[in-house]
file data_16.txt (compact mmCIF, C-alpha atoms)
# COMPACT_ATOMS: atom_id res chain seq x y z
CA MET A 5 -89.34 118.61 -73.72
CA PRO A 6 -86.52 116.18 -72.91
CA VAL A 7 -83.65 117.50 -70.81
CA ARG A 8 -80.37 118.17 -72.64
CA VAL A 9 -77.41 116.14 -71.38
CA GLY A 10 -73.94 116.67 -72.83
CA VAL A 11 -71.58 113.86 -73.85
CA VAL A 12 -67.97 114.97 -74.28
CA VAL A 13 -66.10 113.68 -77.30
CA PHE A 14 -62.32 113.60 -76.93
CA PRO A 15 -60.02 112.31 -79.65
CA GLY A 16 -59.92 108.65 -78.62
CA SER A 17 -63.34 108.50 -76.93
CA ASN A 18 -65.00 105.29 -78.09
CA CYS A 19 -68.11 104.97 -75.90
CA ASP A 20 -69.60 108.34 -76.84
CA ARG A 21 -72.09 106.89 -79.35
CA ASP A 22 -73.21 104.18 -76.92
CA THR A 23 -73.62 106.77 -74.18
CA ILE A 24 -75.63 109.03 -76.48
CA HIS A 25 -77.88 106.09 -77.35
CA GLY A 26 -78.25 105.10 -73.68
CA LEU A 27 -79.17 108.66 -72.72
CA ALA A 28 -81.86 108.74 -75.41
CA VAL A 29 -83.24 105.44 -74.05
CA ALA A 30 -83.24 107.05 -70.59
CA GLY A 31 -85.33 109.94 -71.93
CA ALA A 32 -82.78 112.70 -72.47
CA GLU A 33 -81.79 114.75 -75.50
CA PRO A 34 -78.07 114.00 -75.85
CA VAL A 35 -75.76 116.80 -76.99
CA GLU A 36 -72.26 116.10 -78.28
CA LEU A 37 -69.60 118.40 -76.80
CA TRP A 38 -66.36 118.47 -78.77
CA HIS A 39 -63.19 118.63 -76.65
CA GLU A 40 -61.99 121.88 -78.25
CA GLN A 41 -65.16 123.81 -77.46
CA ALA A 42 -65.46 125.81 -74.27
CA SER A 43 -69.25 126.19 -74.45
CA LEU A 44 -71.34 123.54 -72.74
CA GLU A 45 -74.33 124.67 -74.82
CA GLY A 46 -76.59 125.06 -71.82
CA VAL A 47 -76.81 121.36 -70.97
CA ALA A 48 -78.19 120.39 -67.56
CA ALA A 49 -75.63 117.60 -66.96
CA VAL A 50 -72.49 116.20 -68.58
CA ILE A 51 -71.18 112.69 -69.10
CA LEU A 52 -67.51 111.98 -69.79
CA PRO A 53 -67.67 108.70 -71.71
CA GLY A 54 -65.25 105.79 -71.91
CA GLY A 55 -62.41 105.39 -74.36
CA PHE A 56 -58.78 106.39 -74.56
CA ALA A 57 -58.83 110.19 -74.57
CA TYR A 58 -55.72 111.55 -76.28
CA GLY A 59 -54.47 107.99 -76.55
CA ASP A 60 -54.13 107.71 -72.76
CA TYR A 61 -50.55 108.92 -73.24
CA LEU A 62 -48.55 109.77 -70.11
CA ARG A 63 -51.35 108.68 -67.74
CA ALA A 64 -54.94 107.79 -68.55
CA GLY A 65 -57.03 110.95 -68.49
CA VAL A 66 -54.32 113.49 -67.76
CA ILE A 67 -54.02 115.19 -71.14
CA ALA A 68 -57.81 115.40 -71.50
CA ARG A 69 -57.85 117.29 -68.24
CA PHE A 70 -56.26 120.33 -69.88
CA SER A 71 -58.67 120.56 -72.83
CA PRO A 72 -60.94 123.64 -73.25
CA VAL A 73 -64.10 121.61 -72.58
CA MET A 74 -62.67 120.30 -69.31
CA ARG A 75 -61.90 123.79 -68.06
CA SER A 76 -65.57 124.65 -68.60
CA ILE A 77 -66.67 121.41 -66.96
CA GLY A 78 -64.50 122.26 -63.94
CA ASP A 79 -66.39 125.56 -63.56
CA PHE A 80 -69.71 123.80 -64.22
CA ALA A 81 -68.93 121.26 -61.48
CA ARG A 82 -67.85 123.93 -59.02
CA ASP A 83 -71.19 125.66 -59.63
CA GLY A 84 -73.01 122.45 -58.67
CA GLY A 85 -73.52 121.06 -62.18
CA LEU A 86 -74.02 117.30 -62.49
CA VAL A 87 -71.06 115.44 -64.00
CA LEU A 88 -70.71 111.67 -64.44
CA GLY A 89 -67.48 110.03 -65.62
CA ILE A 90 -67.64 106.51 -66.97
CA CYS A 91 -64.42 104.45 -67.22
CA ASN A 92 -61.95 106.75 -69.02
CA GLY A 93 -64.25 109.61 -67.99
CA PHE A 94 -63.71 108.58 -64.35
CA GLN A 95 -59.94 108.65 -64.96
CA VAL A 96 -60.24 112.17 -66.41
CA LEU A 97 -62.25 113.36 -63.37
CA ALA A 98 -59.71 111.84 -60.98
CA GLU A 99 -56.78 113.45 -62.82
CA ALA A 100 -58.64 116.77 -62.74
CA GLY A 101 -59.14 116.43 -58.99
CA LEU A 102 -62.93 116.63 -59.38
CA VAL A 103 -63.36 113.29 -57.61
CA PRO A 104 -60.99 111.87 -54.97
CA GLY A 105 -58.38 109.18 -55.63
CA ALA A 106 -56.46 107.80 -58.59
CA LEU A 107 -56.86 104.87 -60.99
CA LEU A 108 -53.77 102.67 -61.20
CA ARG A 109 -52.78 99.90 -63.59
CA ASN A 110 -54.88 96.79 -62.91
CA ARG A 111 -53.19 94.61 -60.32
CA SER A 112 -53.19 91.71 -62.80
CA LEU A 113 -51.46 93.91 -65.42
CA ARG A 114 -54.13 92.64 -67.81
CA PHE A 115 -56.94 94.47 -69.52
CA ALA A 116 -60.20 93.49 -67.80
CA GLY A 117 -63.09 93.16 -70.24
CA ARG A 118 -66.02 91.23 -68.76
CA ASP A 119 -69.24 91.50 -66.80
CA VAL A 120 -68.96 92.35 -63.12
CA SER A 121 -71.42 92.83 -60.26
CA ILE A 122 -71.53 96.06 -58.31
CA VAL A 123 -73.71 97.42 -55.53
CA ALA A 124 -74.81 101.02 -55.20
CA GLU A 125 -73.79 101.89 -51.64
CA ARG A 126 -76.12 104.87 -51.75
CA ARG A 127 -79.41 105.28 -53.57
CA ASP A 128 -80.05 108.86 -52.51
CA THR A 129 -77.67 110.55 -54.97
CA PRO A 130 -78.39 112.17 -58.36
CA PHE A 131 -76.60 109.18 -59.93
CA THR A 132 -78.37 106.33 -58.17
CA ARG A 133 -81.83 107.50 -57.04
CA ALA A 134 -83.74 105.85 -59.91
CA ILE A 135 -82.10 102.43 -59.55
CA ASP A 136 -84.96 99.99 -59.01
CA THR A 137 -83.02 96.70 -59.10
CA PRO A 138 -83.02 95.25 -55.58
CA GLY A 139 -79.78 93.22 -55.80
CA PRO A 140 -76.35 93.83 -57.31
CA LEU A 141 -76.14 95.45 -60.74
CA ARG A 142 -74.57 93.47 -63.57
CA MET A 143 -72.64 95.38 -66.24
CA PRO A 144 -69.35 95.20 -68.14
CA VAL A 145 -65.94 96.64 -67.32
CA ALA A 146 -63.38 97.25 -70.05
CA HIS A 147 -60.17 98.85 -68.80
CA GLY A 148 -56.48 98.40 -68.12
CA GLU A 149 -56.17 101.08 -65.45
CA GLY A 150 -59.07 100.80 -63.04
CA CYS A 151 -57.44 99.91 -59.73
CA TYR A 152 -58.86 102.51 -57.36
CA TYR A 153 -56.27 103.99 -55.04
CA ALA A 154 -56.28 106.51 -52.22
CA ASP A 155 -54.23 106.46 -49.03
CA GLU A 156 -55.72 104.76 -45.96
CA THR A 157 -56.69 108.03 -44.25
CA THR A 158 -58.52 109.20 -47.37
CA LEU A 159 -60.22 105.80 -47.78
CA ASP A 160 -61.49 105.94 -44.19
CA ALA A 161 -62.79 109.46 -44.79
CA LEU A 162 -64.52 108.39 -48.02
CA GLU A 163 -66.25 105.51 -46.23
CA ARG A 164 -67.28 107.76 -43.36
CA ASP A 165 -68.61 110.52 -45.62
CA GLY A 166 -70.57 108.22 -47.90
CA ALA A 167 -68.34 108.99 -50.88
CA VAL A 168 -68.06 105.33 -51.91
CA LEU A 169 -70.85 105.11 -54.46
CA PHE A 170 -70.28 101.69 -56.05
CA ARG A 171 -68.40 98.61 -54.87
CA TYR A 172 -67.51 95.39 -56.66
CA VAL A 173 -69.28 92.39 -55.13
CA ARG A 174 -69.69 88.70 -55.91
CA PRO A 175 -72.68 87.88 -58.09
CA ASP A 176 -74.64 86.90 -54.95
CA GLY A 177 -74.01 90.35 -53.47
CA THR A 178 -71.47 89.31 -50.86
CA ARG A 179 -68.35 91.39 -50.42
CA ALA A 180 -65.36 90.82 -52.72
CA GLU A 181 -62.42 90.02 -50.47
CA PRO A 182 -58.88 91.12 -51.45
CA GLY A 183 -57.70 88.97 -54.34
CA ASP A 184 -61.25 87.97 -55.22
CA PRO A 185 -61.84 87.79 -58.99
CA ALA A 186 -65.14 89.62 -58.38
CA ASN A 187 -62.92 92.70 -58.01
CA PRO A 188 -61.61 92.88 -61.60
CA ASN A 189 -58.70 95.26 -61.06
CA GLY A 190 -57.64 94.98 -57.41
CA SER A 191 -59.29 98.27 -56.36
CA LEU A 192 -58.73 99.11 -52.71
CA ARG A 193 -61.83 98.31 -50.62
CA ALA A 194 -63.33 97.01 -53.89
CA ILE A 195 -64.30 100.57 -54.84
CA ALA A 196 -65.86 100.76 -58.31
CA GLY A 197 -67.13 104.34 -58.14
CA VAL A 198 -67.03 107.44 -55.95
CA VAL A 199 -68.89 110.72 -55.57
CA ASN A 200 -67.34 114.06 -54.58
CA ALA A 201 -68.06 115.74 -51.25
CA ALA A 202 -70.65 118.12 -52.76
CA GLY A 203 -72.52 115.14 -54.24
CA ASN A 204 -72.67 116.46 -57.82
CA VAL A 205 -69.67 114.77 -59.49
CA ALA A 206 -69.31 111.00 -59.69
CA GLY A 207 -67.18 108.47 -61.53
CA LEU A 208 -67.30 104.72 -62.00
CA MET A 209 -65.25 102.20 -63.96
CA PRO A 210 -68.09 99.86 -65.11
CA HIS A 211 -70.15 100.81 -68.16
CA PRO A 212 -73.86 101.45 -67.41
CA GLU A 213 -74.46 102.46 -71.06
CA ARG A 214 -73.45 98.97 -72.15
CA ALA A 215 -76.17 97.51 -69.93
CA SER A 216 -79.07 99.77 -70.76
CA GLU A 217 -81.24 97.64 -73.07
CA ALA A 218 -82.46 94.05 -72.92
CA ILE A 219 -80.76 93.26 -76.23
CA LEU A 220 -77.41 94.03 -74.55
CA GLY A 221 -78.00 91.30 -71.97
CA SER A 222 -78.64 93.58 -69.00
CA VAL A 223 -80.67 96.68 -68.22
CA ASP A 224 -79.04 97.17 -64.82
CA GLY A 225 -77.11 100.22 -66.02
CA LEU A 226 -80.21 102.07 -67.16
CA GLY A 227 -81.09 103.04 -63.57
CA ILE A 228 -77.85 105.03 -63.34
CA LEU A 229 -78.52 106.89 -66.61
CA ARG A 230 -82.16 107.48 -65.63
CA SER A 231 -81.05 108.83 -62.25
CA LEU A 232 -78.82 111.37 -63.97
CA VAL A 233 -81.50 112.33 -66.50
CA GLU A 234 -84.20 112.76 -63.82
CA SER A 235 -81.88 114.80 -61.61
CA ALA A 236 -80.82 116.93 -64.58
CA ALA A 237 -84.46 117.51 -65.56
CA GLU A 238 -85.27 118.70 -62.05
CA ARG A 239 -82.27 120.95 -62.11
CA ALA A 240 -83.32 122.40 -65.46
CA ALA A 241 -86.79 123.01 -64.07
CA GLY A 242 -85.30 124.47 -60.90
CA THR A 243 -87.44 122.30 -58.64
CA ARG A 244 -84.75 120.71 -56.53
CA PRO A 245 -81.23 121.61 -55.43
CA VAL A 246 -78.51 119.70 -57.21
CA GLY A 247 -76.46 117.21 -55.25
CA VAL A 248 -77.24 115.75 -51.90
CA GLY A 249 -74.04 116.65 -50.11
CA SER A 250 -72.22 114.15 -47.98
CA ARG A 251 -73.76 112.41 -45.06
CA MET B 13 -32.42 133.28 -74.35
CA SER B 14 -30.57 130.05 -73.88
CA SER B 15 -31.58 126.43 -74.11
CA PHE B 16 -31.47 124.14 -71.15
CA ARG B 17 -31.95 120.41 -71.23
CA PHE B 18 -33.60 118.56 -68.34
CA ALA B 19 -34.80 115.12 -67.45
CA VAL B 20 -37.78 114.51 -65.17
CA ASN B 21 -37.76 111.12 -63.47
CA VAL B 22 -41.21 110.05 -62.28
CA THR B 23 -41.52 107.08 -59.92
CA PRO B 24 -44.36 105.50 -57.96
CA LYS B 25 -44.37 106.70 -54.35
CA PRO B 26 -43.27 104.24 -51.69
CA GLY B 27 -46.12 101.93 -50.75
CA ILE B 28 -48.01 102.46 -54.01
CA LEU B 29 -48.71 99.19 -55.72
CA ASP B 30 -46.50 98.88 -58.81
CA PRO B 31 -47.65 95.86 -60.80
CA GLN B 32 -45.09 96.56 -63.55
CA GLY B 33 -42.24 96.51 -61.05
CA ARG B 34 -43.59 93.31 -59.60
CA ALA B 35 -43.82 91.71 -63.05
CA VAL B 36 -40.22 92.68 -63.81
CA GLU B 37 -39.12 91.29 -60.47
CA GLY B 38 -41.03 88.10 -61.12
CA SER B 39 -39.20 87.58 -64.40
CA LEU B 40 -35.71 87.78 -62.90
CA GLY B 41 -35.75 84.14 -61.94
CA HIS B 42 -36.01 83.21 -65.62
CA LEU B 43 -32.73 85.05 -66.21
CA GLY B 44 -31.06 83.15 -63.40
CA ILE B 45 -30.56 86.39 -61.48
CA GLU B 46 -30.84 86.40 -57.70
CA GLY B 47 -30.68 89.06 -55.02
CA VAL B 48 -32.61 91.77 -56.86
CA SER B 49 -35.64 93.21 -55.08
CA ALA B 50 -37.84 96.30 -54.71
CA VAL B 51 -38.06 96.90 -58.47
CA ARG B 52 -40.08 100.04 -59.23
CA VAL B 53 -40.96 101.05 -62.78
CA GLY B 54 -41.34 104.74 -63.52
CA ARG B 55 -40.95 107.03 -66.50
CA ARG B 56 -38.34 109.48 -67.67
CA VAL B 57 -39.16 112.56 -69.71
CA GLU B 58 -36.36 114.59 -71.33
CA LEU B 59 -37.05 118.09 -72.56
CA THR B 60 -35.44 121.35 -73.69
CA VAL B 61 -36.54 124.71 -72.29
CA ASP B 62 -35.70 128.11 -73.78
CA ALA B 63 -35.34 130.67 -71.00
CA ARG B 64 -33.30 133.58 -69.69
CA ASP B 65 -31.31 131.52 -67.28
CA GLU B 66 -31.24 128.09 -65.74
CA ALA B 67 -33.25 129.12 -62.68
CA SER B 68 -36.23 130.31 -64.74
CA ALA B 69 -35.98 127.24 -66.97
CA ARG B 70 -36.08 125.04 -63.90
CA THR B 71 -39.17 126.84 -62.57
CA ILE B 72 -40.99 125.94 -65.79
CA VAL B 73 -39.87 122.32 -65.56
CA GLU B 74 -40.96 122.08 -61.91
CA ARG B 75 -44.45 123.31 -62.83
CA LEU B 76 -44.67 120.93 -65.76
CA ALA B 77 -43.47 118.04 -63.61
CA SER B 78 -45.91 118.65 -60.76
CA GLU B 79 -48.99 119.54 -62.84
CA LEU B 80 -48.69 117.25 -65.84
CA LEU B 81 -45.86 114.71 -65.79
CA SER B 82 -46.64 113.32 -62.33
CA ASN B 83 -49.78 112.74 -60.28
CA PRO B 84 -48.87 113.88 -56.75
CA LEU B 85 -51.28 111.35 -55.21
CA ILE B 86 -49.31 108.40 -56.49
CA GLU B 87 -45.99 109.56 -57.94
CA SER B 88 -42.91 111.57 -57.00
CA TYR B 89 -40.56 113.26 -59.42
CA ALA B 90 -36.98 114.48 -59.52
CA VAL B 91 -35.64 117.03 -61.98
CA GLU B 92 -32.17 116.45 -63.36
CA THR B 93 -30.09 118.92 -65.38
CA LEU B 94 -28.58 117.34 -68.45
CA ALA B 95 -25.32 118.37 -70.04
CA ALA B 96 -25.66 120.86 -72.89
CA ALA B 97 -24.09 118.34 -75.25
CA SER B 98 -27.16 116.13 -75.03
CA SER B 99 -29.45 119.02 -75.90
CA THR B 100 -28.92 118.65 -79.65
CA VAL B 101 -32.42 117.87 -80.81
CA GLY B 102 -32.69 114.94 -83.16
CA ALA B 103 -29.12 113.88 -82.51
CA ALA B 104 -27.83 110.81 -84.29
CA GLY B 105 -28.95 107.68 -82.58
CA GLU B 106 -32.36 109.11 -81.72
CA ALA B 107 -34.45 107.04 -84.04
call {"tool": "encode", "arguments": {"input": "data_16.txt", "output": "C-alpha cells"}}
result
Amino acid sequence: MPVRVGVVVFPGSNCDRDTIHGLAVAGAEPVELWHEQASLEGVAAVILPGGFAYGDYLRAGVIARFSPVMRSIGDFARDGGLVLGICNGFQVLAEAGLVPGALLRNRSLRFAGRDVSIVAERRDTPFTRAIDTPGPLRMPVAHGEGCYYADETTLDALERDGAVLFRYVRPDGTRAEPGDPANPNGSLRAIAGVVNAAGNVAGLMPHPERASEAILGSVDGLGILRSLVESAAERAAGTRPVGVGSR
Amino acid sequence: MSSFRFAVNVTPKPGILDPQGRAVEGSLGHLGIEGVSAVRVGRRVELTVDARDEASARTIVERLASELLSNPLIESYAVETLAAASSTVGAAGEA
C-alpha cells in the first residue's frame, strides 16, 4: 500500500496539483490538506507547496503560518514528522521558525523564473537519500522573494552543523560566487535550501515537482520527492527513526 | 472601553540588504537630486484597538507587531500613538 503524504492547500497555493502529481509519480498516495483543517489525516509526511499563500500579503508566508493546519504541522514537526517546504512552502516554514533564516526580496528586485543548478550538500537526509544523479540537479525556480538570509554567526553554525542542504552552483557544478547569475536571487552563501537541526524539516526555493518527469525536461527533482516518500514509508512502517540529526 | 489609534513602523534592520531602498536611491539621480543616501524602505501599519486603557491597548499592539507585523530576524519596529482625531475609521480622504 502506498504511503500517504499530505500536500497543504492554502488560498493562493498554485503548485499543489503539480506536487500531488509528482508525489504519485514518486510512489506515494497524495492527500490534500485544506488550510482550515487541523487534522493531518494520519499522513506520514507533509509537503507545503509553492504559490502565494494568502496572497503573500505583509510578508511571504507569514499569514499562512497562523492557519489551523500550520499549528498542527508545528506539532507534527516537533514530534519528528517529516515536513518539506517548496518555494512559498519554504517561506512559510521560515516564518514559522521551523527552519532557520529568512527569505528576502531577490537582490535584483525581479521575479526569477528559470532553470537553475543546485547541489545537494548532503545525501544522508530524509530529503536527499534517494538522489541518484551524480552531478548538479537542474530544476526551475519561480519566486520574487528567495534571497536566503541569516546573520553571519548563524550562517557559520549552519555550515558547521550540516544544515545547508542545497546550494546554487554553476551548471558545471562549480561554486556560484557572489553576484554570479547562477545564484538567481543573491542568497547568502548561495544557499538554496536548509534542514532544521533535528533533520526532519527542510525547505528549498527550487521546484523539484516541476522536474519530476522526462516530459518536463528534467527528472532531477524526482530524487528529492522519492527520498521523502521512501523515508515516510519507513516511518509509517516503523522501521527506521525519522530524521538523521545534525552532524 | 475606549479606542486607541496606533501606527507600527517596520523597517529593515541595519545591515540587512534592502533592494527596494537601493532601487529608490538609484533613481534619485534621474530627479537631479544629490546628497541623499542610506534610503531604507519599510512599511507602516495603522490600526485601532479597543481596550480599557492605553497601556493595555499598547500591550496588544506590541504583541501584534512582534509576532505578525515584523520578522525579528530581519526587521525592527516602533509603535507610535496617533492622535484620537485620526482614529475616525473611513475618514474622508481615505479612498
call {"tool": "interface_residues", "arguments": {"input": "data_16.txt", "of": "chain A", "to": "chain B", "cutoff": "8 Å", "atoms": "all atoms listed in the file", "output": "PyMOL selection string"}}
result
chain A and resi 62+66-67+99+105-106+109-113+154
call {"tool": "residues_near_point", "arguments": {"input": "data_16.txt", "point": "(-43.5, 120.1, -58.5)", "cutoff": "12 Å", "atoms": "only C-alpha atoms", "output": "PyMOL selection string"}}
result
chain B and resi 20-22+70-84+87-91
call {"tool": "atom_distance", "arguments": {"input": "data_16.txt", "atom1": "CA of Val198 in chain A", "atom2": "CA of Ala124 in chain A"}}
result
10.1 Å
call {"tool": "residues_around", "arguments": {"input": "data_16.txt", "residues": "Val36 in chain B", "least_positions_apart": "3", "cutoff": "12 Å", "atoms": "all atoms listed in the file", "output": "MDAnalysis selection string"}}
result
(chainID A and resid 113) or (chainID B and resid 30:33 39:43 45 48:53)
call {"tool": "write_last_selection", "arguments": {"input": "data_16.txt", "atoms": "C-alpha atoms", "output": "compact mmCIF listing (two decimals), keeping the file's coordinate frame"}}
result
# COMPACT_ATOMS: atom_id res chain seq x y z
CA LEU A 113 -51.46 93.91 -65.42
CA ASP B 30 -46.50 98.88 -58.81
CA PRO B 31 -47.65 95.86 -60.80
CA GLN B 32 -45.09 96.56 -63.55
CA GLY B 33 -42.24 96.51 -61.05
CA SER B 39 -39.20 87.58 -64.40
CA LEU B 40 -35.71 87.78 -62.90
CA GLY B 41 -35.75 84.14 -61.94
CA HIS B 42 -36.01 83.21 -65.62
CA LEU B 43 -32.73 85.05 -66.21
CA ILE B 45 -30.56 86.39 -61.48
CA VAL B 48 -32.61 91.77 -56.86
CA SER B 49 -35.64 93.21 -55.08
CA ALA B 50 -37.84 96.30 -54.71
CA VAL B 51 -38.06 96.90 -58.47
CA ARG B 52 -40.08 100.04 -59.23
CA VAL B 53 -40.96 101.05 -62.78
call {"tool": "atom_distance", "arguments": {"input": "data_16.txt", "atom1": "CA of Gly10 in chain A", "atom2": "CA of Glu45 in chain A"}}
result
8.3 Å
call {"tool": "residues_around", "arguments": {"input": "data_16.txt", "residues": "range 173-179 of chain A", "least_positions_apart": "4", "cutoff": "12 Å", "atoms": "all atoms listed in the file", "output": "list in words"}}
result
Asp119, Val120, Ser121, Ile122, Val123, Ala124, Glu125, Pro138, Gly139, Pro140, Leu141, Arg142, Met143, Gly183, Asp184, Pro185, Ala186, Asn187, Pro188, Ser191, Arg193, Ala194, Ile195 and Ala196 of chain A
call {"tool": "residues_around", "arguments": {"input": "data_16.txt", "residues": "Arg8 in chain A", "least_positions_apart": "6", "cutoff": "10 Å", "atoms": "all atoms listed in the file", "output": "count of residues only"}}
result
17
call {"tool": "atom_distance", "arguments": {"input": "data_16.txt", "atom1": "CA of Ile24 in chain A", "atom2": "CA of Gly166 in chain A"}}
result
29.0 Å
call {"tool": "residues_around", "arguments": {"input": "data_16.txt", "residues": "Gly26 in chain A", "least_positions_apart": "6", "cutoff": "12 Å", "atoms": "only C-alpha atoms", "output": "ChimeraX atom specification"}}
result
/A:9,11,19-20,32-34,51,53,211-218,220,223-230,232-233
call {"tool": "residues_around", "arguments": {"input": "data_16.txt", "residues": "range 61-65 of chain B", "least_positions_apart": "4", "cutoff": "9 Å", "atoms": "all atoms listed in the file", "output": "list in words"}}
result
Met13, Ser14, Ser15, Phe16, Arg17, Phe18, Ala69, Arg70, Ile72 and Val73 of chain B
call {"tool": "closest_residue", "arguments": {"input": "data_16.txt", "among": "A:Gly85, A:Gly54, A:Pro72, A:Gly207", "to": "Leu37 in chain A", "atoms": "only C-alpha atoms"}}
result
A:Pro72
call {"tool": "closest_residue", "arguments": {"input": "data_16.txt", "among": "A:Arg133, A:Phe170, A:Pro104, A:Ser235", "to": "Thr158 in chain A", "atoms": "only C-alpha atoms"}}
result
A:Pro104
call {"tool": "axis_aligned_box", "arguments": {"input": "data_16.txt", "around": "range 77-82 of chain B", "padding_each_side": "5 Å", "output": "AutoDock Vina command-line options"}}
result
--center_x -46.2 --center_y 116.4 --center_z -63.3 --size_x 15.5 --size_y 16.2 --size_z 15.1
